[in-house]
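Chemist: Enclosed is the structure file structure_28.txt (compact mmCIF, C-alpha atoms).
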# COMPACT_ATOMS: atom_id res chain seq x y z
CA MET A 1 -13.25 -8.39 24.74
CA SER A 2 -12.30 -5.62 22.26
CA VAL A 3 -10.60 -4.85 18.97
CA LEU A 4 -8.35 -1.82 18.59
CA ILE A 5 -6.83 -0.44 15.42
CA ASN A 6 -3.75 1.75 15.27
CA PHE A 7 -4.88 4.16 12.57
CA LYS A 8 -1.41 5.75 12.64
CA ILE A 9 -0.17 2.77 10.64
CA CYS A 10 -3.42 1.45 9.11
CA ASP A 11 -4.32 2.60 5.61
CA ASN A 12 -7.99 2.35 6.59
CA ALA A 13 -8.87 0.74 3.27
CA LYS A 14 -12.17 -0.77 2.22
CA GLU A 15 -10.19 -3.90 1.27
CA CYS A 16 -9.03 -4.48 4.88
CA GLY A 17 -8.28 -8.13 5.49
CA GLY A 18 -9.60 -7.81 9.04
CA VAL A 19 -12.99 -6.73 7.75
CA ASN A 20 -12.98 -9.56 5.21
CA VAL A 21 -12.33 -12.30 7.78
CA CYS A 22 -14.44 -11.05 10.69
CA PRO A 23 -17.16 -13.69 11.19
CA THR A 24 -19.51 -11.47 13.20
CA GLY A 25 -19.25 -8.06 11.55
CA ALA A 26 -17.45 -6.54 14.54
CA LEU A 27 -15.18 -4.98 11.91
CA SER A 28 -16.96 -3.55 8.90
CA TRP A 29 -16.59 -0.88 6.26
CA ASP A 30 -18.62 2.28 6.91
CA GLU A 31 -19.54 3.55 3.43
CA GLU A 32 -20.89 6.87 4.68
CA ASN A 33 -17.75 7.83 6.63
CA GLU A 34 -15.33 5.84 4.44
CA THR A 35 -13.60 4.18 7.36
CA ILE A 36 -13.24 0.85 9.11
CA LYS A 37 -15.86 0.66 11.84
CA ILE A 38 -15.48 -1.30 15.07
CA ASP A 39 -18.50 -2.68 16.93
CA ASN A 40 -17.00 -4.41 19.96
CA SER A 41 -20.44 -5.62 21.08
CA LYS A 42 -20.18 -8.10 18.18
CA CYS A 43 -16.56 -9.14 18.83
CA ILE A 44 -16.07 -12.75 19.90
CA CYS A 45 -12.27 -12.36 20.31
CA CYS A 46 -11.49 -15.00 17.70
CA GLY A 47 -8.36 -13.09 16.64
CA ALA A 48 -8.94 -13.64 12.92
CA CYS A 49 -8.70 -9.90 12.22
CA GLU A 50 -5.43 -9.57 14.12
CA ARG A 51 -3.90 -12.53 12.24
CA SER A 52 -5.02 -11.13 8.88
CA CYS A 53 -3.39 -7.72 9.38
CA PRO A 54 0.03 -7.84 7.68
CA ILE A 55 1.39 -4.87 9.61
CA GLY A 56 0.04 -5.49 13.11
CA ALA A 57 -2.31 -2.50 13.19
CA ILE A 58 -5.23 -4.59 14.48
CA LYS A 59 -5.04 -5.92 18.03
CA VAL A 60 -7.48 -7.94 20.10
CA ALA A 61 -7.56 -7.32 23.85
CA PHE A 62 -8.83 -10.09 26.10
CA SER A 63 -9.04 -8.06 29.31
CA ASP A 64 -9.45 -4.47 30.46
CA GLU A 65 -5.79 -4.44 31.47
CA GLU A 66 -4.68 -5.62 28.02
CA TYR A 67 -7.03 -3.11 26.35
CA ASN A 68 -5.52 -0.24 28.34
CA LYS A 69 -1.98 -1.42 27.56
CA ILE A 70 -2.67 -1.62 23.80
CA ALA A 71 -4.50 1.73 23.81
CA LYS A 72 -1.48 3.33 25.54
CA GLU A 73 0.93 1.79 23.00
CA ILE A 74 -1.17 3.23 20.17
CA GLU A 75 -1.32 6.62 21.84
CA ASP A 76 2.47 6.63 22.38
CA ASP A 77 3.27 5.47 18.83
CA PRO A 78 5.34 8.34 17.34
CA ARG A 79 4.33 7.60 13.76
CA THR A 80 1.65 9.69 12.12
CA VAL A 81 -0.87 8.94 9.43
CA LYS A 82 0.82 11.65 7.32
CA ASP A 83 3.92 9.43 7.14
CA LEU A 84 1.79 6.59 5.81
CA PHE A 85 -0.17 8.39 3.12
CA VAL A 86 2.38 8.87 0.37
CA ASP A 87 2.16 7.21 -3.04
CA ARG A 88 3.81 3.80 -3.07
CA TYR A 89 4.61 1.05 -5.54
CA GLY A 90 2.06 -1.77 -5.26
CA ALA A 91 -0.38 0.22 -3.12
CA ALA A 92 -3.55 2.06 -4.03
CA PRO A 93 -2.86 5.39 -5.72
CA LEU A 94 -3.40 8.33 -3.40
CA SER A 95 -2.91 11.39 -5.55
CA GLU A 96 -4.18 12.14 -9.01
CA PHE A 97 -0.73 13.54 -9.77
CA PHE A 98 0.68 10.10 -10.68
CA MET A 99 -2.44 8.74 -12.38
CA ILE A 100 -2.78 8.23 -16.13
CA ASP A 101 -4.93 5.98 -18.28
CA GLU A 102 -3.16 2.96 -19.70
CA ASP A 103 -3.75 4.23 -23.23
CA GLU A 104 -1.94 7.50 -22.34
CA ILE A 105 1.42 5.83 -21.64
CA GLU A 106 2.89 6.54 -25.09
CA ASP A 107 1.88 10.21 -24.76
CA LYS A 108 3.70 10.54 -21.41
CA LEU A 109 7.02 9.20 -22.63
CA THR A 110 9.84 11.74 -22.84
CA GLU A 111 13.50 11.74 -23.81
CA GLY A 112 14.34 11.00 -20.18
CA LEU A 113 13.55 8.15 -17.84
CA VAL A 114 9.88 7.24 -17.27
CA LEU A 115 8.60 4.56 -14.90
CA VAL A 116 5.01 3.35 -15.20
CA GLU A 117 3.38 1.08 -12.66
CA LEU A 118 0.52 -1.02 -14.00
CA TYR A 119 -1.87 -2.17 -11.27
CA ASN A 120 -5.43 -3.27 -10.62
CA ASP A 121 -7.58 -3.68 -7.51
CA ASP A 122 -6.43 -7.29 -7.06
CA SER A 123 -2.75 -6.26 -6.96
CA ILE A 124 -3.14 -3.59 -4.27
CA GLU A 125 -1.25 -4.20 -1.03
CA CYS A 126 -1.09 -2.43 2.32
CA LEU A 127 0.50 1.03 2.30
CA LEU A 128 2.80 0.36 5.23
CA LYS A 129 4.27 -2.71 3.49
CA SER A 130 4.76 -0.90 0.17
CA ILE A 131 7.77 1.11 -1.02
CA PRO A 132 7.27 4.89 -1.38
CA VAL A 133 7.69 6.15 -4.94
CA LYS A 134 10.18 8.79 -3.75
CA GLU A 135 12.44 6.00 -2.45
CA ILE A 136 12.30 4.23 -5.81
CA THR A 137 13.23 7.35 -7.78
CA LYS A 138 15.63 9.07 -5.36
CA ASP A 139 18.83 7.73 -6.98
CA LEU A 140 17.56 8.12 -10.54
CA PRO A 141 18.01 11.30 -12.60
CA SER A 142 16.07 14.23 -11.13
CA ASP A 143 13.88 14.52 -14.24
CA THR A 144 12.63 10.91 -13.91
CA LEU A 145 8.85 10.67 -14.21
CA PHE A 146 6.66 8.12 -12.41
CA TYR A 147 3.08 7.24 -13.33
CA LYS A 148 0.46 4.74 -12.21
CA ALA A 149 -2.03 3.24 -14.68
CA GLU A 150 -4.87 0.88 -13.91
CA SER A 151 -4.67 -2.18 -16.16
CA LYS A 152 -6.70 -5.24 -17.08
CA GLU A 153 -3.51 -7.30 -17.40
CA GLU A 154 -2.86 -10.20 -15.05
CA ASN A 155 0.07 -10.77 -12.69
CA LEU A 156 0.26 -7.19 -11.51
CA PRO A 157 1.82 -4.95 -10.39
CA VAL A 158 4.33 -4.48 -13.18
CA LEU A 159 6.86 -1.68 -13.36
CA LEU A 160 7.62 -0.61 -16.94
CA ILE A 161 10.88 1.28 -17.43
CA TYR A 162 11.27 3.55 -20.45
CA LYS A 163 14.20 5.68 -21.56
CA ASN A 164 14.08 8.01 -24.53
CA LYS A 165 10.61 6.69 -25.38
CA GLU A 166 11.86 3.09 -25.65
CA LEU A 167 10.88 0.27 -23.28
CA LEU A 168 14.08 -0.83 -21.54
CA GLY A 169 12.48 -3.53 -19.44
CA LYS A 170 9.87 -4.46 -16.91
CA ILE A 171 9.80 -5.77 -13.38
CA GLU A 172 6.91 -8.00 -12.47
CA GLY A 173 5.47 -8.54 -9.03
CA TYR A 174 5.04 -6.84 -5.71
CA TYR A 175 8.02 -5.83 -3.55
CA THR A 176 7.64 -5.08 0.14
CA VAL A 177 9.60 -2.46 2.05
CA ASP A 178 11.89 -5.30 3.16
CA GLN A 179 12.63 -6.05 -0.52
CA LYS A 180 13.35 -2.44 -1.47
CA GLU A 181 17.06 -2.97 -2.17
CA GLU A 182 16.26 -5.91 -4.45
CA LEU A 183 13.78 -3.79 -6.43
CA LEU A 184 16.20 -0.85 -6.66
CA GLU A 185 18.96 -3.16 -7.88
CA LYS A 186 16.68 -4.54 -10.62
CA ILE A 187 15.73 -1.01 -11.69
CA ASN A 188 19.38 0.07 -11.79
CA ASP A 189 20.37 -3.03 -13.78
CA ILE A 190 17.72 -2.21 -16.41
CA VAL A 191 18.57 1.50 -16.54
CA LYS A 192 22.32 0.84 -16.93
CA GLU A 193 21.89 -1.54 -19.88
Output the structure of this file as structure tokens.
Modeler:
Amino acid sequence: MSVLINFKICDNAKECGGVNVCPTGALSWDEENETIKIDNSKCICCGACERSCPIGAIKVAFSDEEYNKIAKEIEDDPRTVKDLFVDRYGAAPLSEFFMIDEDEIEDKLTEGLVLVELYNDDSIECLLKSIPVKEITKDLPSDTLFYKAESKEENLPVLLIYKNKELLGKIEGYYTVDQKEELLEKINDIVKE
């Protein structure tokens, strides 16, 4: 019957898995408005979009009653899009504040602690699944710097950890919110060495 998206938890990205798997174009990317567009007249209720959404933001309703129930749940969801749109490890960069070119890394190193995330478009994950930068750095010294640099390397993202302009170590791979403690422990182990 109809597709609904909870944009309170959806990062509304061009790379949306639901858009990519929709066989009819009921979900598409609207270039002009830079948003996911829903055309329920094309929806065949296959559920592929719902299954492809890693955070459950996309729902398919098979009846008017189910549509109304899902719409009410979305309306009552206390989360806000503001909570979602903060810079996160493994997700698309949101603010220019953290962005540097890969060849600028050496210039950004200080006598303190510097973390640099290398990423590319293929390594980008959903915002809601990704760990906010402020949660990664909250237990590190207050002068810790964090940057994001687009890279042509493979097997990204990679978190490079520098101290006093020396590379202490690196952590390879993506970590979800559920793996936050594991990532923080790895960072702490490298920093303490």
Chemist: I'd like to know which of A:Tyr89, A:Trp29, A:Phe62, A:Tyr119 is closest to Thr137 of chain A, using all atoms listed in the file.
Modeler: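 Counting all atoms listed in the file, the residue closest to Thr137 of chain A is A:Tyr89.
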Chemist: What is the atom CA of Val86 of chain A to atom CA of Pro132 of chain A distance in Å?
Modeler: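 Result for atom CA of Val86 of chain A versus atom CA of Pro132 of chain A: 6.5 Å, one decimal.
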Chemist: Could you check the closest approach to Asn164 of chain A for each of A:Glu34, A:Glu111, A:Glu15, A:Asp101 and tell me which residue wins, using only C-alpha atoms?
Modeler: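 Under the stated criterion, the closest residue is A:Glu111.
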Chemist: I'd like to know which of A:Lys14, A:Lys180, A:Lys82, A:Lys165 is closest to Ser130 of chain A, using all atoms listed in the file.
Modeler: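 The closest residue to Ser130 of chain A is A:Lys180.
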Chemist: Please identify all polymer residues within 10 Å of Gln179 of chain A, counting all atoms listed in the file, omitting same-chain residues fewer than 4 positions from it, and present them as a PDB file with C-alpha atoms, in the frame of the given file.
Modeler:
ATOM      1  CA  LYS A 129       4.270  -2.710   3.490  1.00  0.00           C
ATOM      2  CA  SER A 130       4.760  -0.900   0.170  1.00  0.00           C
ATOM      3  CA  ILE A 131       7.770   1.110  -1.020  1.00  0.00           C
ATOM      4  CA  TYR A 174       5.040  -6.840  -5.710  1.00  0.00           C
ATOM      5  CA  TYR A 175       8.020  -5.830  -3.550  1.00  0.00           C
ATOM      6  CA  LEU A 183      13.780  -3.790  -6.430  1.00  0.00           C
ATOM      7  CA  LEU A 184      16.200  -0.850  -6.660  1.00  0.00           C
TER       8      LEU A 184
END
Chemist: Pick out the closest residue to Thr144 of chain A from this set: A:Leu156, A:Leu115, A:Ile171, A:Cys126. Count all atoms listed in the file.
Modeler: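 Closest to Thr144 of chain A, using all atoms listed in the file: A:Leu115.
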Chemist: Can you pull out the residues contacting Leu109 of chain A? Cut-off 9 Å, using all atoms listed in the file, and skip same-chain residues under 4 positions away; I want them as an MDAnalysis selection string.
Modeler: chainID A and resid 105 113:114 145 162:166
Chemist: Distance atom CA of Ile38 of chain A-atom CA of Asp11 of chain A, one decimal place?
Modeler: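 Value for the atom CA of Ile38 of chain A-atom CA of Asp11 of chain A distance: 15.1 Å.
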Chemist: What does the distance from atom CA of Met99 of chain A to atom CA of Asp122 of chain A come to in Å, to one decimal?
Modeler: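 Taking atom CA of Met99 of chain A and atom CA of Asp122 of chain A, their separation equals 17.4 Å.
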Chemist: Please give the centre and size of the box around segment 86-102 of chain A (axis-aligned, containing every atom listed in the file, 8 Å added per side), with values in Å to one decimal and written as lines of an AutoDock Vina configuration file.
Modeler:
center_x = -0.2
center_y = 5.9
center_z = -9.7
size_x = 25.5
size_y = 31.3
size_z = 36.1
Chemist: May I have the residues within 8 Å of segment 185-187 of chain A as a ChimeraX atom specification, using all atoms listed in the file and disregarding those fewer than 3 positions away in the same chain?
Modeler: /A:161,171,181-182,190-191
Chemist: For Glu193 of chain A, work out the shell of residues within 10 Å, counting all atoms listed in the file and skipping chain neighbours fewer than 5 positions away, then give it as a PDB file with C-alpha atoms, in the coordinates of the input.
Modeler:
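The resulting file, around_27.pdb, is shown below:
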ATOM      1  CA  LEU A 168      14.080  -0.830 -21.540  1.00  0.00           C
ATOM      2  CA  GLY A 169      12.480  -3.530 -19.440  1.00  0.00           C
ATOM      3  CA  ASN A 188      19.380   0.070 -11.790  1.00  0.00           C
TER       4      ASN A 188
END
Chemist: With distances taken over only C-alpha atoms, which residue among A:Asn20, A:Ser142, A:Asn12, A:Ser123 lies nearest Glu172 of chain A?
Modeler: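 Nearest to Glu172 of chain A: A:Ser123.
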Chemist: Between A:Leu127, A:Ala13, A:Ala61, A:Ala91, which one has atoms that come closest to Lys37 of chain A, using all atoms listed in the file?
Modeler: A:Ala13
Chemist: Write out as a list in words the residues lying within 10 Å of Arg79 of chain A, counting only C-alpha atoms and excluding same-chain residues fewer than 3 positions away.
Modeler: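 Near neighbours after the sequence-gap exclusion: Phe7, Lys8, Ile9, Ile74, Glu75, Asp76, Lys82, Asp83 and Leu84 of chain A.
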